[in-house]
$ cat start_24.txt   # compact mmCIF, C-alpha atoms
# COMPACT_ATOMS: atom_id res chain seq x y z
CA MET A 1030 0.00 0.00 0.00
CA LYS A 1031 1.53 3.29 -1.09
CA ARG A 1032 1.56 5.95 1.63
CA ASN A 1033 2.59 9.58 1.89
CA TYR A 1034 4.41 9.16 5.22
CA ASP A 1035 7.86 7.66 5.79
CA GLY A 1036 7.42 7.47 9.58
CA CYS A 1037 4.36 6.17 11.44
CA ALA A 1038 1.78 5.20 8.80
CA LEU A 1039 -0.86 7.32 10.57
CA CYS A 1040 0.98 10.37 11.93
CA ASP A 1041 4.47 10.28 10.36
CA ALA A 1042 6.23 10.39 13.76
CA THR A 1043 9.51 8.53 14.00
CA TRP A 1044 9.43 7.89 17.75
CA GLY A 1045 8.55 4.42 19.00
CA ASP A 1046 9.17 1.04 17.49
CA TYR A 1047 5.82 -0.65 16.94
CA TRP A 1048 5.17 -2.88 13.94
CA ARG A 1049 1.96 -4.43 12.73
CA GLU A 1050 0.86 -6.27 9.60
CA VAL A 1051 -1.96 -4.41 7.86
CA GLU A 1052 -3.42 -5.71 4.59
CA GLY A 1053 -0.55 -8.17 4.34
CA GLU A 1054 2.15 -5.55 4.75
CA ARG A 1055 4.37 -5.04 7.80
CA MET A 1056 4.06 -1.38 8.73
CA PHE A 1057 5.82 0.92 11.19
CA PHE A 1058 3.79 2.86 13.77
CA CYS A 1059 4.91 5.05 16.64
CA CYS A 1060 2.50 3.32 19.04
CA SER A 1061 -0.31 0.79 19.25
CA ILE A 1062 -3.00 3.50 19.20
CA CYS A 1063 -1.87 4.79 15.81
CA ALA A 1064 -1.76 1.19 14.55
CA ASP A 1065 -5.33 0.57 15.79
CA ALA A 1066 -6.56 3.81 14.21
CA PHE A 1067 -4.89 3.05 10.87
CA GLU A 1068 -6.17 -0.51 10.79
CA ASN A 1069 -9.72 0.54 11.70
CA MET A 1070 -9.63 3.32 9.13
CA VAL A 1071 -8.58 0.87 6.38
CA LYS A 1072 -11.42 -1.50 7.35
CA ARG A 1073 -13.90 1.38 7.25
CA VAL A 1074 -12.73 2.54 3.82
CA LYS A 1075 -13.15 -0.97 2.44
CA LYS A 1076 -16.59 -1.25 4.02
CA GLU A 1077 -17.79 2.12 2.71
CA THR A 1078 -16.43 1.59 -0.82
CA GLY A 1079 -16.89 -2.14 -1.19
CA TRP A 1080 -13.27 -2.39 -2.37
CA GLY A 1081 -11.34 -5.61 -1.84
CA LYS A 1082 -8.00 -3.81 -1.57
CA ILE A 1083 -6.49 -0.35 -1.22
CA ASP A 1084 -3.56 0.67 -3.43
CA SER A 1085 -2.68 3.95 -1.72
CA ILE A 1086 -3.61 6.20 1.17
CA SER A 1087 -2.59 9.81 1.61
CA ILE A 1088 -3.26 11.44 5.01
CA GLU A 1089 -3.19 15.10 6.10
CA GLY A 1090 -4.14 16.35 9.57
CA ASN A 1091 -3.76 15.35 13.18
CA TYR A 1092 -5.64 14.13 16.24
CA SER A 1093 -7.26 17.49 17.14
CA ARG A 1094 -8.15 18.61 13.65
CA GLY A 1095 -9.08 15.17 12.34
CA ARG A 1096 -7.60 13.76 9.14
CA ASP A 1097 -8.42 14.43 5.48
CA CYS A 1098 -7.46 11.46 3.34
CA VAL A 1099 -7.45 10.16 -0.20
CA ALA A 1100 -7.44 6.42 -0.91
CA THR A 1101 -7.21 4.72 -4.28
CA ASN A 1102 -7.98 1.30 -5.70
CA GLY A 1103 -6.99 1.02 -9.34
CA LYS A 1104 -8.76 3.90 -11.07
CA GLU A 1105 -11.17 4.41 -8.19
CA LYS A 1106 -10.61 7.16 -5.66
CA VAL A 1107 -12.29 8.13 -2.40
CA GLU A 1108 -11.75 11.32 -0.39
CA PHE A 1109 -12.77 11.09 3.23
CA PHE A 1110 -12.38 12.62 6.68
CA PHE A 1111 -12.02 10.76 9.94
CA ARG A 1112 -11.30 11.21 13.63
CA HIS A 1113 -10.34 8.58 16.12
CA GLU A 1114 -10.34 8.19 19.85
CA ASP A 1115 -7.89 5.69 21.34
CA GLY A 1116 -7.71 4.03 17.92
CA ILE A 1117 -11.47 3.69 17.50
CA ILE A 1118 -13.03 5.65 14.64
CA THR A 1119 -15.43 8.24 16.09
CA GLU A 1120 -16.22 10.18 12.91
CA PHE A 1121 -16.00 9.06 9.29
CA ARG A 1122 -17.29 11.04 6.35
CA VAL A 1123 -16.91 10.27 2.65
CA LYS A 1124 -16.43 13.60 0.91
CA ASN A 1125 -16.09 12.43 -2.65
CA GLN A 1126 -15.91 9.15 -4.49
CA GLY A 1127 -15.34 8.43 -8.16
CA THR A 1128 -12.87 7.50 -10.82
CA LYS A 1129 -9.35 8.76 -10.47
CA PRO A 1130 -8.27 10.82 -13.49
CA VAL A 1131 -5.69 8.88 -15.51
CA PRO A 1132 -2.42 10.84 -15.52
CA MET B 1066 12.16 16.72 42.33
CA ASN B 1067 11.16 15.96 38.74
CA ILE B 1068 7.62 14.96 37.83
CA CYS B 1069 6.93 13.38 34.47
CA PRO B 1070 4.39 15.63 32.70
CA VAL B 1071 2.94 12.55 31.01
CA CYS B 1072 2.57 9.82 33.63
CA GLY B 1073 3.30 11.74 36.83
CA VAL B 1074 6.10 9.45 37.97
CA LYS B 1075 8.25 11.18 40.60
CA ILE B 1076 11.98 11.23 39.97
CA ASN B 1077 14.10 12.15 42.97
CA GLU B 1078 16.66 14.07 41.00
CA ASP B 1079 16.36 17.60 39.79
CA ALA B 1080 18.40 17.44 36.57
CA MET B 1081 16.46 17.55 33.32
CA THR B 1082 18.55 14.64 32.02
CA THR B 1083 16.78 12.25 34.41
CA LEU B 1084 13.34 13.39 33.24
CA SER B 1085 14.27 13.29 29.55
CA SER B 1086 15.90 9.89 30.05
CA HIS B 1087 12.65 8.55 31.52
CA ILE B 1088 10.57 9.93 28.64
CA TYR B 1089 13.10 8.70 26.08
CA SER B 1090 13.01 5.21 27.46
CA GLU B 1091 9.18 5.14 27.48
CA ALA B 1092 9.18 6.33 23.86
CA LEU B 1093 11.61 3.60 22.84
CA SER B 1094 9.14 1.06 24.16
CA SER B 1095 6.36 2.78 22.13
CA ASP B 1096 4.30 3.80 25.14
CA PRO B 1097 1.41 5.68 23.47
CA ALA B 1098 1.06 8.46 26.07
CA HIS B 1099 4.76 9.39 26.08
CA VAL B 1100 5.08 9.11 22.30
CA MET B 1101 2.01 11.32 21.80
CA TRP B 1102 3.40 13.89 24.21
CA LEU B 1103 6.72 14.00 22.35
CA ASN B 1104 4.93 14.28 19.00
CA ARG B 1105 2.75 17.12 20.20
CA VAL B 1106 5.13 19.08 22.40
CA ILE B 1107 8.73 18.41 21.37
CA SER B 1108 9.03 16.96 17.86
CA ARG B 1109 7.53 14.27 15.66
CA LYS B 1110 11.04 13.41 14.51
CA ARG B 1111 12.95 11.07 16.79
CA LEU B 1112 15.86 12.80 18.52
CA THR B 1113 18.89 11.49 20.35
CA GLU B 1114 18.65 11.48 24.13
CA ASP B 1115 20.97 14.51 24.33
CA GLU B 1116 18.90 16.40 21.76
CA LEU B 1117 15.74 15.59 23.69
CA THR B 1118 17.27 16.89 26.94
CA LYS B 1119 18.21 20.13 25.20
CA LYS B 1120 14.71 20.54 23.74
CA MET B 1121 13.12 19.87 27.11
CA VAL B 1122 15.36 22.41 28.84
CA GLU B 1123 14.20 24.94 26.24
CA PHE B 1124 10.56 23.91 26.66
CA TYR B 1125 10.62 24.29 30.46
CA ASP B 1126 12.56 27.57 30.35
CA PHE B 1127 10.43 30.42 31.72
CA SER B 1128 13.25 32.94 32.23
CA LYS B 1129 12.02 35.15 29.38
CA ASP B 1130 8.82 36.42 31.01
CA GLY B 1131 8.18 34.43 34.16
CA LEU B 1132 6.36 31.30 35.25
CA ALA B 1133 2.82 32.72 35.11
CA MET B 1134 3.31 33.87 31.51
CA TRP B 1135 4.89 30.51 30.61
CA ILE B 1136 1.72 28.83 31.85
CA ARG B 1137 -0.47 31.25 29.89
CA ARG B 1138 1.47 30.66 26.66
CA ARG B 1139 1.44 26.88 27.02
CA PHE B 1140 -2.30 26.93 27.74
CA VAL B 1141 -2.97 29.05 24.67
CA GLU B 1142 -0.90 26.68 22.49
CA ARG B 1143 -2.91 23.72 23.74
CA PHE B 1144 -6.44 25.13 23.56
CA PHE B 1145 -6.54 28.15 21.27
CA SER B 1146 -3.99 27.49 18.52
CA ASP B 1147 -4.61 26.55 14.88
CA ASP B 1148 -5.76 23.16 16.17
CA PRO B 1149 -7.96 24.14 19.09
CA ASN B 1150 -9.91 21.82 21.33
CA ILE B 1151 -13.07 20.66 19.57
CA PHE B 1152 -15.29 22.24 22.23
CA VAL B 1153 -13.62 25.61 21.59
CA ILE B 1154 -14.68 25.20 17.95
CA ASP B 1155 -18.23 24.36 19.12
CA MET B 1156 -18.28 27.51 21.26
CA GLN B 1157 -17.52 29.79 18.32
CA ASN B 1158 -21.13 29.25 17.18
CA PRO B 1159 -22.83 27.47 20.07
CA ILE B 1160 -26.12 25.72 19.40
CA LYS B 1161 -28.62 24.46 21.94
CA TYR B 1162 -26.88 21.07 22.17
CA THR B 1163 -23.48 22.69 22.79
CA ILE B 1164 -24.95 24.44 25.82
CA MET B 1165 -26.67 21.25 27.01
CA GLY B 1166 -23.41 19.30 26.79
CA TYR B 1167 -21.59 22.12 28.54
CA VAL B 1168 -24.03 22.28 31.46
CA THR B 1169 -24.28 18.52 32.00
CA GLU B 1170 -20.54 17.86 32.22
CA HIS B 1171 -19.65 21.16 33.87
CA TYR B 1172 -21.97 20.59 36.81
CA HIS B 1173 -19.81 17.65 37.86
CA PHE B 1174 -16.64 19.64 37.22
CA LEU B 1175 -17.88 22.45 39.49
CA LYS B 1176 -18.56 20.10 42.37
CA GLN B 1177 -15.00 18.79 42.10
CA TRP B 1178 -13.77 22.36 41.75
CA VAL B 1179 -15.12 23.24 45.17
CA ARG B 1180 -13.71 20.05 46.70
CA SER B 1181 -10.31 20.82 45.14
CA CYS B 1182 -10.28 24.37 46.49
CA ALA B 1183 -11.27 23.05 49.92
CA TYR B 1184 -8.30 20.66 49.90
CA ILE B 1185 -6.00 23.59 49.12
CA ILE B 1186 -7.41 25.54 52.10
CA ALA B 1187 -6.93 22.54 54.36
CA ARG B 1188 -3.40 21.82 53.23
CA THR B 1189 -1.81 25.29 53.33
CA ASP B 1190 -0.89 27.67 56.12
CA VAL B 1191 -0.60 30.63 53.77
CA PHE B 1192 -3.28 33.18 54.63
CA ASP B 1193 -3.41 34.79 51.16
CA VAL B 1194 -3.97 31.42 49.55
CA GLN B 1195 -6.68 30.39 52.02
CA LYS B 1196 -8.47 33.71 51.56
CA TYR B 1197 -8.28 33.44 47.79
CA GLU B 1198 -9.78 29.96 47.85
CA VAL B 1199 -12.54 30.89 50.33
CA ASP B 1200 -13.56 33.77 48.03
CA ASN B 1201 -13.53 31.44 45.07
CA ILE B 1202 -15.67 28.74 46.71
CA SER B 1203 -18.07 31.36 48.01
CA GLU B 1204 -18.58 32.76 44.51
CA GLU B 1205 -19.20 29.29 43.08
CA TYR B 1206 -21.85 28.25 45.61
CA PHE B 1207 -23.23 31.49 47.10
CA GLY B 1208 -22.56 34.24 44.57
CA LYS B 1209 -20.86 37.57 45.12
CA ASP B 1210 -21.91 41.25 45.19
CA GLY B 1211 -25.58 40.31 44.81
CA ASN B 1212 -24.93 38.03 41.83
CA PRO B 1213 -26.31 34.48 41.86
CA ALA B 1214 -24.01 31.55 42.60
CA HIS B 1215 -22.01 30.35 39.64
CA VAL B 1216 -23.55 26.88 39.93
CA ASP B 1217 -27.06 28.41 39.81
CA LEU B 1218 -26.18 30.44 36.73
CA LEU B 1219 -24.99 27.22 35.13
CA LEU B 1220 -28.21 25.36 35.90
CA GLN B 1221 -30.30 28.33 34.71
CA MET B 1222 -28.36 28.29 31.45
CA GLY B 1223 -29.33 24.62 31.07
CA GLU B 1224 -32.98 25.32 31.82
CA SER B 1225 -33.02 28.09 29.23
CA VAL B 1226 -32.30 25.48 26.52
CA GLY B 1227 -34.76 22.95 27.92
CA LEU B 1228 -32.47 20.96 30.19
CA LYS B 1229 -34.04 20.18 33.56
CA ARG B 1230 -32.01 20.57 36.74
CA GLU B 1231 -32.83 17.01 37.80
CA THR B 1232 -31.46 15.70 34.51
CA VAL B 1233 -28.17 17.52 35.02
CA VAL B 1234 -27.81 16.53 38.66
CA ASN B 1235 -28.75 12.87 38.06
CA THR B 1236 -26.71 12.28 34.89
CA THR B 1237 -23.50 10.33 35.37
CA PRO B 1238 -20.58 12.24 33.85
CA LEU B 1239 -18.94 10.84 30.74
CA LYS B 1240 -15.78 8.79 31.14
CA LYS B 1241 -13.36 11.59 30.25
CA THR B 1242 -15.02 13.92 32.75
CA GLN B 1243 -14.89 11.25 35.45
CA VAL B 1244 -11.25 10.40 34.71
CA ALA B 1245 -10.34 14.10 34.97
CA ILE B 1246 -12.33 14.55 38.19
CA ASN B 1247 -10.59 11.52 39.70
CA TYR B 1248 -7.22 12.98 38.74
CA TRP B 1249 -7.92 16.38 40.33
CA GLU B 1250 -9.29 14.66 43.42
CA GLN B 1251 -6.08 12.64 43.74
CA VAL B 1252 -3.73 15.59 43.16
CA CYS B 1253 -5.56 18.00 45.45
CA SER B 1254 -6.06 15.51 48.26
CA SER B 1255 -2.55 14.10 48.31
CA GLU B 1256 0.01 16.37 46.63
CA HIS B 1257 1.48 19.70 47.75
CA TRP B 1258 -1.10 22.52 47.92
CA LEU B 1259 0.87 24.49 45.31
CA ASP B 1260 0.66 21.59 42.85
CA ALA B 1261 -3.07 21.49 43.53
CA MET B 1262 -3.37 25.23 43.08
CA VAL B 1263 -1.66 25.32 39.68
CA SER B 1264 -3.57 22.23 38.57
CA MET B 1265 -6.92 23.90 39.22
CA HIS B 1266 -6.51 27.62 38.69
CA SER B 1267 -4.51 27.45 35.47
CA LEU B 1268 -7.71 25.99 33.98
CA GLU B 1269 -9.51 29.30 34.49
CA LEU B 1270 -7.45 30.60 31.58
CA ILE B 1271 -10.05 28.96 29.34
CA ALA B 1272 -12.30 31.99 29.86
CA ASP B 1273 -9.54 34.61 29.97
CA ARG B 1274 -10.55 37.39 27.63
CA ASN B 1275 -6.90 38.36 27.08
CA VAL B 1276 -5.78 35.10 25.46
CA LYS B 1277 -5.25 36.76 22.08
CA GLN B 1278 -2.50 38.84 23.70
CA TYR B 1279 -0.65 35.57 24.33
CA GLY B 1280 -0.90 34.36 20.74
CA ALA B 1281 -4.33 32.72 20.69
CA LYS B 1282 -6.02 32.33 17.33
CA TYR B 1283 -9.35 31.67 19.04
CA SER B 1284 -10.91 32.81 22.27
CA TYR B 1285 -13.36 30.74 24.33
CA PHE B 1286 -16.27 32.34 22.53
CA ARG B 1287 -16.90 35.39 20.38
CA PRO B 1288 -17.93 38.26 22.69
CA GLU B 1289 -20.65 39.23 20.18
CA ILE B 1290 -22.71 36.19 21.19
CA LEU B 1291 -23.23 37.79 24.60
CA GLU B 1292 -25.39 40.39 22.87
CA GLY B 1293 -27.51 37.93 20.89
CA GLY B 1294 -27.64 34.49 19.36
CA ILE B 1295 -27.80 32.63 22.68
CA THR B 1296 -30.38 32.66 25.48
CA ARG B 1297 -30.33 35.46 28.05
CA GLU B 1298 -29.39 32.94 30.76
CA SER B 1299 -26.53 31.57 28.66
CA SER B 1300 -25.29 35.10 28.20
CA LYS B 1301 -25.47 35.71 31.96
CA PHE B 1302 -23.47 32.58 32.74
CA LEU B 1303 -20.82 33.18 30.10
CA ARG B 1304 -20.58 36.86 30.99
CA ALA B 1305 -19.97 36.01 34.66
CA GLY B 1306 -17.07 33.74 33.71
CA TYR B 1307 -15.81 36.18 31.11
CA GLU B 1308 -15.73 39.04 33.60
CA ALA B 1309 -14.46 37.06 36.59
CA ASP B 1310 -12.04 34.43 35.38
CA GLN B 1311 -9.42 36.80 34.11
CA TYR B 1312 -8.99 38.03 37.68
CA HIS B 1313 -9.31 34.53 39.15
CA ALA B 1314 -6.64 33.06 36.93
CA GLY B 1315 -4.43 36.14 37.05
CA ASP B 1316 -4.44 36.37 40.84
CA ALA B 1317 -3.96 32.64 41.28
CA LEU B 1318 -1.11 32.46 38.81
CA ASN B 1319 0.61 35.35 40.58
CA LEU B 1320 0.35 33.42 43.85
CA VAL B 1321 1.62 30.26 42.15
CA GLU B 1322 4.57 32.11 40.66
CA PHE B 1323 5.47 33.73 43.97
CA TYR B 1324 5.28 30.54 46.07
CA ALA B 1325 6.86 28.30 43.43
CA LYS B 1326 9.91 30.54 43.51
CA LYS B 1327 9.92 30.79 47.29
CA LEU B 1328 9.55 27.01 47.76
CA LYS B 1329 11.83 26.17 44.80
CA MET B 1330 9.09 24.13 43.17
CA GLU B 1331 8.98 25.74 39.74
CA LYS B 1332 9.71 22.69 37.59
CA GLU B 1333 7.36 20.52 39.63
CA VAL B 1334 4.61 23.11 39.26
CA GLN B 1335 5.19 23.25 35.49
CA SER B 1336 4.75 19.48 35.19
CA TYR B 1337 1.59 19.46 37.31
CA PHE B 1338 0.19 22.23 35.13
CA LEU B 1339 0.96 20.21 31.98
CA ARG B 1340 -0.72 17.12 33.39
CA SER B 1341 -3.79 19.04 34.48
CA GLU B 1342 -4.26 20.73 31.11
CA ASP B 1343 -4.16 17.29 29.48
CA TYR B 1344 -7.02 16.08 31.66
CA PHE B 1345 -8.85 19.34 31.03
CA PHE B 1346 -8.44 18.83 27.29
CA GLY B 1347 -10.19 15.47 27.58
CA TYR B 1348 -12.87 16.96 29.82
CA LEU B 1349 -13.70 19.61 27.19
CA GLU B 1350 -13.92 16.84 24.60
CA ALA B 1351 -16.48 15.21 26.89
CA ARG B 1352 -18.61 18.38 26.75
CA HIS B 1353 -18.54 18.11 22.95
CA GLU B 1354 -19.37 14.40 23.10
CA ARG B 1355 -22.32 15.05 25.45
CA GLY B 1356 -23.63 17.75 23.13
CA LYS B 1357 -23.51 15.31 20.21
CA MET B 1358 -25.37 12.74 22.32
CA TYR B 1359 -28.17 15.24 23.01
CA GLU B 1360 -28.28 16.20 19.34
CA GLU B 1361 -28.76 12.56 18.29
CA GLU B 1362 -31.22 11.82 21.08
CA LEU B 1363 -33.54 14.84 20.81

$ encode --input "start_24.txt" --output "structure tokens"
Amino acid sequence: MKRNYDGCALCDATWGDYWREVEGERMFFCCSICADAFENMVKRVKKETGWGKIDSISIEGNYSRGRDCVATNGKEKVEFFFRHEDGIITEFRVKNQGTKPVP
Amino acid sequence: MNICPVCGVKINEDAMTTLSSHIYSEALSSDPAHVMWLNRVISRKRLTEDELTKKMVEFYDFSKDGLAMWIRRRFVERFFSDDPNIFVIDMQNPIKYTIMGYVTEHYHFLKQWVRSCAYIIARTDVFDVQKYEVDNISEEYFGKDGNPAHVDLLLQMGESVGLKRETVVNTTPLKKTQVAINYWEQVCSSEHWLDAMVSMHSLELIADRNVKQYGAKYSYFRPEILEGGITRESSKFLRAGYEADQYHAGDALNLVEFYAKKLKMEKEVQSYFLRSEDYFFGYLEARHERGKMYEEEL
């Protein structure tokens, strides 16, 4: 899964040393809460879109502000917003969903 | 003595290296609370232990404009910055459910407030501090200069948006409110009275009308709403806090600064302040959560 962060898959921090397999890929997280939030967010995206896989996720934002994201699956794209609390998704809103323009 | 601003562990050495070493070691083991604190306060990029110590020395340094102003600036960064607390966002345009959530959770906060102030009175010999706290408690429960008690104004604000007193009094607080109340109960009943004092009275900065002077992007609410857009009772409650808390917090922080210096407790006081504002942050989120619950229910 392509991501926009080099550090923690959710928040880009490079503290901590927590690893978890998500969607068959071993990913780095700064802590278990970020791992829970990321994993739950991926499940929610798949549920909302009906996709069987996610090719990429781009995340902008933080805990207080919430996170604006873009996920893709082939030519499909979904833009969404979410917040989490202790790793559990408390707010999830699809903002836009459609076909990704071919570059 | 060093107090960890994250977990409260007491470290019987005064050097910053011992505190930063503790936090560093917790971060290496991916402890969520310590990692989140580092991400939010120090840096999201991992540092060496020496770099972390240096950053923490800088963070705790209040030599520029004093301890009270350091507290004000930290509070503003936490609650009124570009990423404010979600309840602060709610309060920019409060709706009926915002007020209902506010009243329900705040009632429980106020009861703890009075208990906390009473602990401070019981645990100090300083006359100025006792007098300050007696005045404060009196205003909360009995009112001052002919004005109704703060707790009555709160309940009247609830009634003005259709929230019965019995509902407020009989509703169990949400988890984050209860966790925060338990924390303040523990600190005020068992730690030094000055730690208790900074833990409680720094929180009054939430309603300080001067926050924009300390770099705030937001204030607690827009003063215009006092003139319209909310019920008359809501305006009365918010106005009372707006007009009183700047003196409350200012006077208390002056006392804290004076006695922290005298008792050589500055760093300890800073850490207790940081811990308290974390619990307060969660408590304000509970007000938002309660408002959302009312909105879905009614």

$ atom_distance --input "start_24.txt" --atom1 "CA of Ser1146 in chain B" --atom2 "CA of Ile1107 in chain B"
15.9 Å

$ residues_around --input "start_24.txt" --residues "range 1088-1100 of chain B" --least-positions-apart "5" --cutoff "7 Å" --atoms "only C-alpha atoms" --output "list of chain:residue names"
A:Trp1044, A:Gly1045, A:Asp1046, A:Tyr1047, A:Cys1059, A:Cys1060, A:Ser1061, A:Ile1062, B:Val1071, B:Glu1114

$ closest_residue --input "start_24.txt" --among "A:Thr1078, A:Ser1085, A:Thr1101, A:Thr1119" --to "chain B" --atoms "all atoms listed in the file"
A:Thr1119

$ atom_distance --input "start_24.txt" --atom1 "CA of Ser1128 in chain B" --atom2 "CA of Val1334 in chain B"
14.9 Å

$ residues_around --input "start_24.txt" --residues "range 1052-1054 of chain A" --least-positions-apart "3" --cutoff "10 Å" --atoms "all atoms listed in the file" --output "MDAnalysis selection string"
chainID A and resid 1030 1049 1057 1068 1071:1072 1082:1083

$ interface_residues --input "start_24.txt" --of "chain A" --to "chain B" --cutoff "12 Å" --atoms "all atoms listed in the file" --output "MDAnalysis selection string"
chainID A and resid 1035:1037 1040:1048 1057:1065 1090:1096 1112 1114:1116 1119:1120

$ closest_residue --input "start_24.txt" --among "A:Glu1089, A:Glu1105, A:Glu1050, A:Glu1077" --to "Phe1121 in chain A" --atoms "all atoms listed in the file"
A:Glu1077

$ axis_aligned_box --input "start_24.txt" --around "range 1119-1124 of chain A" --padding-each-side "6 Å" --output "AutoDock Vina command-line options"
--center_x -16.4 --center_y 10.9 --center_z 8.5 --size_x 13.9 --size_y 17.4 --size_z 27.2

$ residues_near_point --input "start_24.txt" --point "(-7.6, 17.3, 44.0)" --cutoff "9 Å" --atoms "only C-alpha atoms" --output "JSON, numbers by chain"
{"B": [1177, 1178, 1180, 1181, 1182, 1184, 1185, 1246, 1247, 1248, 1249, 1250, 1251, 1252, 1253, 1254, 1255, 1256, 1261, 1264, 1265]}

$ atom_distance --input "start_24.txt" --atom1 "CA of Asn1158 in chain B" --atom2 "CA of Ala1281 in chain B"
17.5 Å

$ closest_residue --input "start_24.txt" --among "B:Trp1258, B:Tyr1348, B:Trp1102, B:Trp1135" --to "Tyr1279 in chain B" --atoms "all atoms listed in the file"
B:Trp1135

$ decode --input "start_24.txt" --residues "range 1220-1231 of chain B" --atoms "N, CA and C atoms" --output "CSV table (one decimal), in the first residue's frame"
chain,number,residue,atom,x,y,z
B,1220,LEU,N,-27.0,26.1,36.0
B,1220,LEU,CA,-28.2,25.4,35.9
B,1220,LEU,C,-29.3,26.2,35.2
B,1221,GLN,N,-29.3,27.5,35.4
B,1221,GLN,CA,-30.3,28.3,34.7
B,1221,GLN,C,-30.0,28.4,33.2
B,1222,MET,N,-28.7,28.3,32.9
B,1222,MET,CA,-28.4,28.3,31.4
B,1222,MET,C,-28.9,27.0,30.8
B,1223,GLY,N,-28.8,25.9,31.6
B,1223,GLY,CA,-29.3,24.6,31.1
B,1223,GLY,C,-30.8,24.7,30.9
B,1224,GLU,N,-31.5,25.2,31.9
B,1224,GLU,CA,-33.0,25.3,31.8
B,1224,GLU,C,-33.4,26.2,30.6
B,1225,SER,N,-32.6,27.2,30.3
B,1225,SER,CA,-33.0,28.1,29.2
B,1225,SER,C,-33.0,27.4,27.9
B,1226,VAL,N,-32.3,26.2,27.8
B,1226,VAL,CA,-32.3,25.5,26.5
B,1226,VAL,C,-33.1,24.2,26.7
B,1227,GLY,N,-33.9,24.1,27.8
B,1227,GLY,CA,-34.8,22.9,27.9
B,1227,GLY,C,-34.2,21.8,28.7
B,1228,LEU,N,-33.1,22.0,29.4
B,1228,LEU,CA,-32.5,21.0,30.2
B,1228,LEU,C,-32.8,21.1,31.7
B,1229,LYS,N,-33.6,20.1,32.2
B,1229,LYS,CA,-34.0,20.2,33.6
B,1229,LYS,C,-32.9,20.0,34.6
B,1230,ARG,N,-33.0,20.7,35.7
B,1230,ARG,CA,-32.0,20.6,36.7
B,1230,ARG,C,-31.8,19.1,37.2
B,1231,GLU,N,-32.9,18.4,37.3
B,1231,GLU,CA,-32.8,17.0,37.8
B,1231,GLU,C,-32.0,16.2,36.8
